[in-house]
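A.B. asks: The following block contains the structure, expressed as structure tokens.
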Number of protein chains: 2
Amino acid sequence: MLVVDDEVRLAETVQRGLAAEGFVVDVVHDGEEALWAATENAYDVIVLDLMLPKLNGYRVVEQLRAKGVWTPVLMLTAKDGEYDQADALDLGADDYLTKPFSFVVLVARLRALLRRGAPERPAVLSADDLTLDPVSHAVARGEVPIVLTPREFGLLEYLLRHKGEVVTKSEILDNVWDSAYDGPANVVEVYIGYLRRKLDTPFDRKSIHTLRGFGYRIDDKG
Amino acid sequence: MLVVDDEVRLAETVQRGLAAEGFVVDVVHDGEEALWAATENAYDVIVLDLMLPKLNGYRVVEQLRAKGVWTPVLMLTAKDGEYDQADALDLGADDYLTKPFSFVVLVARLRALLRRGAPERPAVLSADDLTLDPVSHAVARGEVPIVLTPREFGLLEYLLRHKGEVVTKSEILDNVWDSAYDGPANVVEVYIGYLRRKLDTPFDRKSIHTLRGFGYRIDDKG
DNA sequence: GGCGATTCTCAGCGTGTTCTCAGGCTGGGC
DNA sequence: GCCCAGCCTGAGAACACGCTGAGAATCGCC
């Protein structure tokens with residue numbers, strides 16, 4: 001994945017965030033670099049700011065398309081910019097997002113773009129015989145389906161996307177809970193409890209490990 | 001290949017892109033030209049925007065088919081257009097794509113159309129013993145026909161086209177209702193209720209699952 | 001224009017879900 | 001063994017969500 005933005009701090013934040021989501025991210029800061037990078041590498045998707053030094057996003061897409069590079073492009077447009085979203089789409093961008101944007105939304109859109117580009121379903125997430133399919137919103141232990149509430153589902157999805165890693169409670173709060181939320185971190189414990197009750201207790205398994213003082217971890221062999 | 005779109009920039013971008021993929025592409029910008037061009041030339045495939053000056057895409061396909069021209073047509077439908085995708089297929093288009101679309105997908109779909117060669121009607125949709133034929137507008141549970149109102153039909157078709165996936169209420173509103181609508185999402189619930197009453201209650205079945213907090217899902221095994 | 005079919009609005013109800021809180025439990029340091 | 005911070009859990013309050021019936025508005029056809 002390629003991220004193009006001249007606001008260095010923003011670009012880096014996005015990069016770190018996306019990396020945390022499991023994407024491999026290159027960053028460049030102007031239009032010429034973007035064009036070069038996108039031509040030389042086969043990225044799966046490009047996040048492109050509209051206002052760029054040397055060559056604006058508008059022209060970058062145009063030239064890429066002219067060269068026969070059809071990598072999906074998500075365009076970042078400033079609300080009050082001189083070009084609008086319709087233009088972006090006209091020129092061959094595949095989706096757009098208005099600044100300022102929410103990180104969660106960005107990730108969702110990128111996933112959607114990747115999905116459109118490669119129409120195969122994203123692999124179901126799993127750990128051991130526990131599976132979670134983001135598309136059908138189905139969770140199962142082996143063959144036995146398990147029904148989860150939205151929060152439980154979001155939490156489990158987050159843990160599975162970071163299988164084998166320790167995730168702290170504050171990471172969980174930032175990513176699974178609404179960013180407006182600033183109540184006690186105890187909710188996380190409560191929901192971990194709910195999950196264990198649904199995922200483990202009836203099957204006499206143990207899928208979510210507590211790392212006292214650090215956070216939680218889910219991994220393949222129980 | 002013929003590309004018909006009144007947004008000149010978009011049409012040209014598409015033309016260049018497709019040319020880069022090895023297609024020979026003519027471009028026209030309104031419905032009358034499209035009709036004339038498609039009648040005079042034996043194109044292998046036509047990319048047709050729905051919203052066109054003089055004669056909309058809807059009528060173009062209709063008149064082409066009436067004249068015995070069976071060139072495969074890929075229809076471009078704006079999400080907020082007055083006609084929806086179901087209509088496009090009903091009228092003899094062979095595939096459709098919602099704007100904004102990804103070029104990668106466009107090319108893939110065109111290739112698929114060319115490979116199929118002879119226009120092939122979209123298959124009958126089904127889930128379990130529930131069947132829906134978009135062409136004849138017929139719905140049945142097993143052998144028993146069921147009559148649905150247009151809205152009910154549109155909703156069921158949408159659900160069936162996404163069999164096995166969760167569709168949210170807002171996705172449904174965007175795709176089954178036209179985007180002029182911005183009333184409460186409660187209509188969806190109401191219509192889900194109507195469908196269940198017609199599809200399930202008399203047969204003591206359960207075809208549409210509610211996933212509280214997410215949306216609805218229809219799948220094969222009940 | 002009139003009539004029935006269809007679509008949509010609205011409010012009420014029951015239930016599922018989220019979150020808070022307080023108290024109990026546990027593991028690790030001393 | 002004792003203590004404390006961190007974690008777990010049960011109970012319950014507040015809230016959100018989806019379902020439904022009734023009726024108003026609209027559409028389409030005769």
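Every chain in the structure tokens has a letter given in the order shown (A, B, ...), and although residue numbers restart at 1 in each chain, ligands are simply numbered from 1 in the order shown.
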Identify, with DSSP run on backbone atoms, the residues in segment 85-217 of chain A assigned to strand (DSSP E or B), and express the list as a list in words.

C.D. replies: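 Listing strand (DSSP E or B) positions across segment 85-217 of chain A yields Asp95, Tyr96, Leu97, Thr98, Lys99, Leu125, Ser126, Ala127, Leu130, Thr131, Leu132, Asp133, Ala138, Val139, Ala140, Arg141, Val144, Pro145, Ile146, Val167, Ile208, His209, Thr210, Leu211, Gly215, Tyr216 and Arg217 of chain A.
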
A.B. asks: Using only C-alpha atoms (C1' of nucleotides), determine which residues lie at most 9 Å from DT9 of chain D, disregarding the query and same-chain residues fewer than 4 positions distant; provide the list as a ChimeraX atom specification.

C.D. replies: /A:190,193 /C:24

A.B. asks: Write a file of the just-selected residues containing N, CA and C atoms (P, O5', C5', C4', C3', O3' and C1' of nucleotides), as a compact mmCIF listing (two decimals), in the first residue's frame.

C.D. replies:
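Here's the written file result_9.txt:
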# COMPACT_ATOMS: atom_id res chain seq x y z
N VAL A 190 -15.02 -6.62 31.38
CA VAL A 190 -16.37 -7.18 31.38
C VAL A 190 -16.63 -7.93 30.08
N GLY A 193 -14.85 -11.08 29.66
CA GLY A 193 -15.59 -12.07 30.42
C GLY A 193 -16.74 -12.66 29.63
P DG C 24 -17.19 -9.09 49.41
O5' DG C 24 -16.56 -10.14 48.38
C5' DG C 24 -17.42 -10.88 47.51
C4' DG C 24 -16.58 -11.64 46.51
C3' DG C 24 -15.43 -12.43 47.15
O3' DG C 24 -15.33 -13.68 46.50
C1' DG C 24 -14.56 -10.89 45.57

A.B. asks: In Å, how much C-alpha RMSD is there between chain B and chain A after the fit, with all atoms paired in order?

C.D. replies: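 In short, the RMSD is 11.2 Å.
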
A.B. asks: Please identify all residues of chain D having at least one atom at most 10 Å from any atom of chain B, considering only C-alpha atoms (C1' of nucleotides), and return them as a VMD selection string.

C.D. replies: chain D and resid 16 to 20

A.B. asks: So that I can check the surroundings of DT18 of chain C, please list as number ranges by chain every protein, DNA and RNA residue that reaches within 12 Å of it, counting only C-alpha atoms (C1' of nucleotides) and ignoring chain neighbours fewer than 2 positions away.

C.D. replies: A: 149-152, 177, 187-188, 190-191, 194; B: 213; C: 16, 20; D: 13-17

A.B. asks: Emit the selected residues as a CSV table (one decimal), in the first residue's frame, including N, CA and C atoms (P, O5', C5', C4', C3', O3' and C1' of nucleotides).

C.D. replies:
chain,number,residue,atom,x,y,z
A,149,THR,N,-23.0,-10.4,20.5
A,149,THR,CA,-23.5,-9.0,20.3
A,149,THR,C,-22.5,-8.2,19.5
A,150,PRO,N,-22.9,-7.0,19.0
A,150,PRO,CA,-22.0,-6.2,18.2
A,150,PRO,C,-20.7,-5.9,19.0
A,151,ARG,N,-20.7,-5.6,20.2
A,151,ARG,CA,-19.5,-5.3,20.9
A,151,ARG,C,-18.6,-6.5,21.1
A,152,GLU,N,-19.2,-7.6,21.4
A,152,GLU,CA,-18.5,-8.8,21.6
A,152,GLU,C,-17.8,-9.1,20.3
A,177,TRP,N,-14.0,0.5,20.9
A,177,TRP,CA,-15.0,1.4,21.4
A,177,TRP,C,-15.0,2.7,20.6
A,187,VAL,N,-14.8,-1.8,31.3
A,187,VAL,CA,-15.7,-2.4,30.3
A,187,VAL,C,-15.0,-3.5,29.5
A,188,VAL,N,-13.7,-3.3,29.2
A,188,VAL,CA,-13.0,-4.3,28.4
A,188,VAL,C,-13.0,-5.6,29.2
A,190,VAL,N,-15.0,-6.6,31.4
A,190,VAL,CA,-16.4,-7.2,31.4
A,190,VAL,C,-16.6,-7.9,30.1
A,191,TYR,N,-16.3,-7.3,29.0
A,191,TYR,CA,-16.5,-8.0,27.7
A,191,TYR,C,-15.7,-9.2,27.4
A,194,TYR,N,-17.5,-11.8,29.0
A,194,TYR,CA,-18.6,-12.2,28.2
A,194,TYR,C,-18.1,-13.2,27.1
B,213,GLY,N,-28.0,-5.2,15.7
B,213,GLY,CA,-26.9,-4.2,15.7
B,213,GLY,C,-26.1,-4.2,14.4
C,16,DG,P,-34.4,-11.3,24.5
C,16,DG,O5',-33.2,-10.4,23.9
C,16,DG,C5',-33.3,-9.9,22.6
C,16,DG,C4',-32.1,-9.0,22.3
C,16,DG,C3',-30.8,-9.5,22.8
C,16,DG,O3',-29.8,-9.1,21.8
C,16,DG,C1',-31.4,-7.4,23.9
C,20,DT,P,-19.4,3.3,31.6
C,20,DT,O5',-20.0,3.0,33.0
C,20,DT,C5',-21.3,3.5,33.3
C,20,DT,C4',-21.7,3.1,34.7
C,20,DT,C3',-20.6,3.2,35.8
C,20,DT,O3',-21.1,3.9,36.9
C,20,DT,C1',-21.6,1.0,35.8
D,13,DA,P,-32.4,-1.8,39.2
D,13,DA,O5',-32.0,-0.3,38.7
D,13,DA,C5',-30.8,0.3,39.1
D,13,DA,C4',-30.3,1.2,37.9
D,13,DA,C3',-31.4,1.9,37.1
D,13,DA,O3',-31.0,3.2,36.9
D,13,DA,C1',-30.1,0.5,35.7
D,14,DA,P,-32.0,4.2,36.2
D,14,DA,O5',-31.4,4.3,34.7
D,14,DA,C5',-30.0,4.6,34.5
D,14,DA,C4',-29.7,4.5,33.1
D,14,DA,C3',-30.7,5.2,32.2
D,14,DA,O3',-30.0,6.0,31.3
D,14,DA,C1',-30.4,2.9,31.5
D,15,DC,P,-30.7,6.9,30.3
D,15,DC,O5',-30.5,6.1,28.9
D,15,DC,C5',-29.2,5.6,28.7
D,15,DC,C4',-29.3,4.5,27.6
D,15,DC,C3',-30.1,4.9,26.4
D,15,DC,O3',-29.2,5.1,25.3
D,15,DC,C1',-30.6,2.7,27.0
D,16,DA,P,-29.7,5.7,23.9
D,16,DA,O5',-29.7,4.4,23.1
D,16,DA,C5',-28.6,3.5,23.2
D,16,DA,C4',-28.8,2.3,22.3
D,16,DA,C3',-29.3,2.6,20.9
D,16,DA,O3',-28.7,1.7,20.0
D,16,DA,C1',-30.9,1.2,22.1
D,17,DC,P,-28.9,1.9,18.5
D,17,DC,O5',-29.8,0.6,18.2
D,17,DC,C5',-29.4,-0.7,18.7
D,17,DC,C4',-30.5,-1.6,18.5
D,17,DC,C3',-31.2,-1.5,17.1
D,17,DC,O3',-31.0,-2.7,16.4
D,17,DC,C1',-32.8,-1.7,18.9

A.B. asks: Which value, in Å to one decimal, gives the distance between atom C1' of DC29 of chain D and atom CA of Arg59 of chain B?

C.D. replies: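 The value is 23.6 Å.
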
A.B. asks: Please, which residues in chain C fall within 9 Å of chain B when counting only C-alpha atoms (C1' of nucleotides), and what is the closest atom pair and distance in Å to one decimal for each, ordered by chain then residue number, as a tab-separated table?

C.D. replies:
residue	atom	partner	partner_atom	distance
C:DA5	C1'	B:Thr149	CA	9.0
C:DT6	C1'	B:Thr149	CA	7.2
C:DT7	C1'	B:Arg151	CA	8.3
C:DC8	C1'	B:Val187	CA	7.0
C:DT9	C1'	B:Pro184	CA	8.6
C:DG16	C1'	B:Arg212	CA	8.2

A.B. asks: Based on the selection just made, write C-alpha atoms (C1' of nucleotides) of those residues as a PDB file, in the first residue's frame.

C.D. replies:
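So the final result, stored in part-v3.pdb, reads:
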ATOM      1  C1'  DA C   5     -53.038  -1.679  -3.609  1.00  0.00           C
ATOM      2  C1'  DT C   6     -48.877  -0.105  -2.039  1.00  0.00           C
ATOM      3  C1'  DT C   7     -45.792   2.640   0.501  1.00  0.00           C
ATOM      4  C1'  DC C   8     -44.566   5.120   4.351  1.00  0.00           C
ATOM      5  C1'  DT C   9     -44.959   7.264   9.195  1.00  0.00           C
ATOM      6  C1'  DG C  16     -31.371  -7.425  23.913  1.00  0.00           C
TER       7       DG C  16
END

A.B. asks: Identify which of the residues A:Ala38, A:Ala78, A:Val24, A:Leu113 lies closest to chain B, counting only C-alpha atoms when measuring atom-to-atom distances.

C.D. replies: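 The shortest atom-to-atom distance to chain B comes from A:Leu113.
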
A.B. asks: Mind running chain B against chain A at 12 Å and telling me each contacting residue's nearest atom pair with the distance in Å (one decimal), counting only C-alpha atoms, chain and number ascending, as JSON lines?

C.D. replies:
{"residue": "B:Asp5", "atom": "CA", "partner": "A:Asp90", "partner_atom": "CA", "distance": 11.3}
{"residue": "B:Asp6", "atom": "CA", "partner": "A:Asp90", "partner_atom": "CA", "distance": 11.5}
{"residue": "B:Glu7", "atom": "CA", "partner": "A:Asp90", "partner_atom": "CA", "distance": 7.9}
{"residue": "B:Val8", "atom": "CA", "partner": "A:Asp90", "partner_atom": "CA", "distance": 9.0}
{"residue": "B:Arg9", "atom": "CA", "partner": "A:Asp90", "partner_atom": "CA", "distance": 6.3}
{"residue": "B:Leu10", "atom": "CA", "partner": "A:Asp90", "partner_atom": "CA", "distance": 4.7}
{"residue": "B:Ala11", "atom": "CA", "partner": "A:Asp90", "partner_atom": "CA", "distance": 8.4}
{"residue": "B:Glu12", "atom": "CA", "partner": "A:Leu91", "partner_atom": "CA", "distance": 9.2}
{"residue": "B:Thr13", "atom": "CA", "partner": "A:Leu91", "partner_atom": "CA", "distance": 6.5}
{"residue": "B:Val14", "atom": "CA", "partner": "A:Gly92", "partner_atom": "CA", "distance": 8.0}
{"residue": "B:Gln15", "atom": "CA", "partner": "A:Ala66", "partner_atom": "CA", "distance": 9.9}
{"residue": "B:Arg16", "atom": "CA", "partner": "A:Ala66", "partner_atom": "CA", "distance": 6.3}
{"residue": "B:Gly17", "atom": "CA", "partner": "A:Gly68", "partner_atom": "CA", "distance": 6.1}
{"residue": "B:Leu18", "atom": "CA", "partner": "A:Gly68", "partner_atom": "CA", "distance": 8.6}
{"residue": "B:Ala19", "atom": "CA", "partner": "A:Gly68", "partner_atom": "CA", "distance": 8.9}
{"residue": "B:Ala20", "atom": "CA", "partner": "A:Gly68", "partner_atom": "CA", "distance": 5.6}
{"residue": "B:Glu21", "atom": "CA", "partner": "A:Gly68", "partner_atom": "CA", "distance": 7.4}
{"residue": "B:Gly22", "atom": "CA", "partner": "A:Gly68", "partner_atom": "CA", "distance": 10.4}
{"residue": "B:Leu97", "atom": "CA", "partner": "A:Arg116", "partner_atom": "CA", "distance": 11.3}
{"residue": "B:Thr98", "atom": "CA", "partner": "A:Asp94", "partner_atom": "CA", "distance": 11.4}
{"residue": "B:Lys99", "atom": "CA", "partner": "A:Leu89", "partner_atom": "CA", "distance": 8.8}
{"residue": "B:Pro100", "atom": "CA", "partner": "A:Asp94", "partner_atom": "CA", "distance": 6.4}
{"residue": "B:Phe101", "atom": "CA", "partner": "A:Asp94", "partner_atom": "CA", "distance": 6.1}
{"residue": "B:Ser102", "atom": "CA", "partner": "A:Asp94", "partner_atom": "CA", "distance": 5.1}
{"residue": "B:Phe103", "atom": "CA", "partner": "A:Trp70", "partner_atom": "CA", "distance": 6.4}
{"residue": "B:Val104", "atom": "CA", "partner": "A:Gly117", "partner_atom": "CA", "distance": 6.0}
{"residue": "B:Val105", "atom": "CA", "partner": "A:Gly117", "partner_atom": "CA", "distance": 6.1}
{"residue": "B:Leu106", "atom": "CA", "partner": "A:Gly117", "partner_atom": "CA", "distance": 9.7}
{"residue": "B:Val107", "atom": "CA", "partner": "A:Trp70", "partner_atom": "CA", "distance": 9.8}
{"residue": "B:Ala108", "atom": "CA", "partner": "A:Gly117", "partner_atom": "CA", "distance": 9.4}
{"residue": "B:Arg109", "atom": "CA", "partner": "A:Pro119", "partner_atom": "CA", "distance": 11.0}
{"residue": "B:His162", "atom": "CA", "partner": "A:Ser136", "partner_atom": "CA", "distance": 9.5}
{"residue": "B:Lys163", "atom": "CA", "partner": "A:Ser136", "partner_atom": "CA", "distance": 8.8}
{"residue": "B:Gly164", "atom": "CA", "partner": "A:Ser136", "partner_atom": "CA", "distance": 5.6}
{"residue": "B:Glu165", "atom": "CA", "partner": "A:Ser136", "partner_atom": "CA", "distance": 4.1}
{"residue": "B:Val166", "atom": "CA", "partner": "A:Ser136", "partner_atom": "CA", "distance": 5.0}
{"residue": "B:Val167", "atom": "CA", "partner": "A:Ser136", "partner_atom": "CA", "distance": 8.6}
{"residue": "B:Thr168", "atom": "CA", "partner": "A:Ser136", "partner_atom": "CA", "distance": 11.2}
{"residue": "B:His209", "atom": "CA", "partner": "A:Ser136", "partner_atom": "CA", "distance": 11.1}
{"residue": "B:Thr210", "atom": "CA", "partner": "A:His137", "partner_atom": "CA", "distance": 11.2}
{"residue": "B:Leu211", "atom": "CA", "partner": "A:His137", "partner_atom": "CA", "distance": 8.4}
{"residue": "B:Arg212", "atom": "CA", "partner": "A:Thr149", "partner_atom": "CA", "distance": 7.3}
{"residue": "B:Gly213", "atom": "CA", "partner": "A:Pro150", "partner_atom": "CA", "distance": 5.9}
{"residue": "B:Phe214", "atom": "CA", "partner": "A:Pro150", "partner_atom": "CA", "distance": 7.1}
{"residue": "B:Gly215", "atom": "CA", "partner": "A:His137", "partner_atom": "CA", "distance": 9.7}
{"residue": "B:Tyr216", "atom": "CA", "partner": "A:Ser136", "partner_atom": "CA", "distance": 9.7}
{"residue": "B:Arg217", "atom": "CA", "partner": "A:Ser136", "partner_atom": "CA", "distance": 7.5}
{"residue": "B:Ile218", "atom": "CA", "partner": "A:Ser136", "partner_atom": "CA", "distance": 9.6}
{"residue": "B:Asp219", "atom": "CA", "partner": "A:Ser136", "partner_atom": "CA", "distance": 9.4}

A.B. asks: I need the chosen residues saved as a short mmCIF file (atom, residue, chain, number, x, y, z; two decimals), in the first residue's frame, with N, CA and C atoms.

C.D. replies:
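Result went into part_4.cif, see below:
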data_model
loop_
_atom_site.label_atom_id
_atom_site.label_comp_id
_atom_site.auth_asym_id
_atom_site.auth_seq_id
_atom_site.Cartn_x
_atom_site.Cartn_y
_atom_site.Cartn_z
N ASP B 5 -21.15 7.68 -22.48
CA ASP B 5 -21.26 8.40 -21.22
C ASP B 5 -21.23 9.88 -21.52
N ASP B 6 -22.09 10.64 -20.88
CA ASP B 6 -22.13 12.07 -21.18
C ASP B 6 -21.10 12.86 -20.38
N GLU B 7 -20.52 12.23 -19.37
CA GLU B 7 -19.43 12.92 -18.67
C GLU B 7 -18.17 12.71 -19.50
N VAL B 8 -17.81 13.75 -20.23
CA VAL B 8 -16.78 13.61 -21.24
C VAL B 8 -15.45 13.15 -20.66
N ARG B 9 -15.06 13.76 -19.54
CA ARG B 9 -13.77 13.40 -18.97
C ARG B 9 -13.72 11.96 -18.55
N LEU B 10 -14.81 11.53 -17.90
CA LEU B 10 -14.86 10.15 -17.46
C LEU B 10 -14.77 9.20 -18.65
N ALA B 11 -15.54 9.51 -19.67
CA ALA B 11 -15.56 8.65 -20.86
C ALA B 11 -14.17 8.53 -21.47
N GLU B 12 -13.46 9.64 -21.51
CA GLU B 12 -12.13 9.61 -22.11
C GLU B 12 -11.15 8.82 -21.26
N THR B 13 -11.28 8.99 -19.96
CA THR B 13 -10.41 8.23 -19.07
C THR B 13 -10.63 6.74 -19.28
N VAL B 14 -11.89 6.37 -19.32
CA VAL B 14 -12.22 4.97 -19.53
C VAL B 14 -11.67 4.51 -20.88
N GLN B 15 -11.86 5.34 -21.89
CA GLN B 15 -11.39 4.98 -23.22
C GLN B 15 -9.89 4.69 -23.22
N ARG B 16 -9.13 5.62 -22.59
CA ARG B 16 -7.69 5.43 -22.58
C ARG B 16 -7.30 4.17 -21.81
N GLY B 17 -7.99 3.97 -20.71
CA GLY B 17 -7.69 2.81 -19.90
C GLY B 17 -7.95 1.52 -20.65
N LEU B 18 -9.09 1.47 -21.30
CA LEU B 18 -9.45 0.26 -22.02
C LEU B 18 -8.53 0.06 -23.22
N ALA B 19 -8.17 1.18 -23.86
CA ALA B 19 -7.24 1.09 -24.98
C ALA B 19 -5.93 0.46 -24.50
N ALA B 20 -5.50 0.88 -23.30
CA ALA B 20 -4.27 0.33 -22.74
C ALA B 20 -4.40 -1.17 -22.48
N GLU B 21 -5.61 -1.62 -22.30
CA GLU B 21 -5.85 -3.05 -22.07
C GLU B 21 -6.00 -3.79 -23.38
N GLY B 22 -5.88 -3.07 -24.48
CA GLY B 22 -5.91 -3.74 -25.77
C GLY B 22 -7.27 -3.72 -26.45
N LEU B 97 -22.73 -2.05 -13.18
CA LEU B 97 -21.70 -1.61 -12.25
C LEU B 97 -22.21 -0.32 -11.67
N THR B 98 -22.07 -0.15 -10.36
CA THR B 98 -22.54 1.07 -9.72
C THR B 98 -21.41 2.10 -9.69
N LYS B 99 -21.74 3.32 -10.11
CA LYS B 99 -20.77 4.40 -9.99
C LYS B 99 -20.69 4.83 -8.53
N PRO B 100 -19.57 5.15 -7.97
CA PRO B 100 -18.27 5.06 -8.62
C PRO B 100 -17.80 3.61 -8.69
N PHE B 101 -17.12 3.28 -9.77
CA PHE B 101 -16.66 1.90 -9.88
C PHE B 101 -15.14 1.88 -9.96
N SER B 102 -14.59 0.72 -9.75
CA SER B 102 -13.15 0.57 -9.84
C SER B 102 -12.81 0.06 -11.24
N PHE B 103 -11.77 0.59 -11.84
CA PHE B 103 -11.43 0.20 -13.20
C PHE B 103 -11.03 -1.25 -13.30
N VAL B 104 -10.38 -1.69 -12.24
CA VAL B 104 -9.99 -3.09 -12.24
C VAL B 104 -11.22 -3.96 -12.41
N VAL B 105 -12.25 -3.59 -11.70
CA VAL B 105 -13.48 -4.36 -11.77
C VAL B 105 -14.13 -4.22 -13.14
N LEU B 106 -14.13 -3.00 -13.67
CA LEU B 106 -14.71 -2.79 -14.99
C LEU B 106 -14.07 -3.71 -16.01
N VAL B 107 -12.76 -3.73 -16.03
CA VAL B 107 -12.05 -4.56 -17.00
C VAL B 107 -12.38 -6.03 -16.79
N ALA B 108 -12.40 -6.43 -15.54
CA ALA B 108 -12.70 -7.84 -15.24
C ALA B 108 -14.09 -8.21 -15.74
N ARG B 109 -15.06 -7.33 -15.52
CA ARG B 109 -16.42 -7.61 -15.93
C ARG B 109 -16.53 -7.65 -17.45
N HIS B 162 -27.02 -10.98 -2.04
CA HIS B 162 -25.96 -10.97 -1.04
C HIS B 162 -26.15 -12.13 -0.08
N LYS B 163 -26.58 -13.24 -0.62
CA LYS B 163 -26.81 -14.42 0.22
C LYS B 163 -25.56 -14.77 1.01
N GLY B 164 -25.76 -15.02 2.29
CA GLY B 164 -24.63 -15.41 3.13
C GLY B 164 -23.87 -14.23 3.70
N GLU B 165 -24.22 -13.00 3.27
CA GLU B 165 -23.55 -11.83 3.81
C GLU B 165 -24.53 -11.03 4.66
N VAL B 166 -23.97 -10.30 5.59
CA VAL B 166 -24.82 -9.40 6.35
C VAL B 166 -25.02 -8.12 5.56
N VAL B 167 -26.24 -7.69 5.42
CA VAL B 167 -26.47 -6.38 4.81
C VAL B 167 -27.09 -5.46 5.85
N THR B 168 -26.54 -4.27 5.95
CA THR B 168 -27.02 -3.34 6.96
C THR B 168 -28.25 -2.62 6.44
N HIS B 209 -32.61 -13.78 8.68
CA HIS B 209 -32.12 -13.68 10.05
C HIS B 209 -31.83 -12.23 10.43
N THR B 210 -32.21 -11.87 11.63
CA THR B 210 -31.86 -10.55 12.16
C THR B 210 -30.57 -10.68 12.94
N LEU B 211 -29.60 -9.85 12.63
CA LEU B 211 -28.39 -9.79 13.43
C LEU B 211 -28.39 -8.45 14.13
N ARG B 212 -28.92 -8.47 15.29
CA ARG B 212 -29.14 -7.25 16.06
C ARG B 212 -27.88 -6.39 16.09
N GLY B 213 -28.04 -5.16 15.69
CA GLY B 213 -26.92 -4.24 15.70
C GLY B 213 -26.14 -4.24 14.40
N PHE B 214 -26.38 -5.24 13.54
CA PHE B 214 -25.68 -5.30 12.27
C PHE B 214 -26.63 -5.13 11.09
N GLY B 215 -27.59 -6.01 10.99
CA GLY B 215 -28.48 -5.95 9.85
C GLY B 215 -29.19 -7.28 9.66
N TYR B 216 -29.34 -7.66 8.39
CA TYR B 216 -30.07 -8.89 8.09
C TYR B 216 -29.22 -9.79 7.21
N ARG B 217 -29.55 -11.07 7.23
CA ARG B 217 -28.83 -12.00 6.39
C ARG B 217 -29.76 -13.14 5.99
N ILE B 218 -29.60 -13.56 4.74
CA ILE B 218 -30.39 -14.68 4.26
C ILE B 218 -29.37 -15.73 3.84
N ASP B 219 -29.57 -16.97 4.20
CA ASP B 219 -28.65 -17.97 3.68
C ASP B 219 -29.32 -19.29 3.38
#
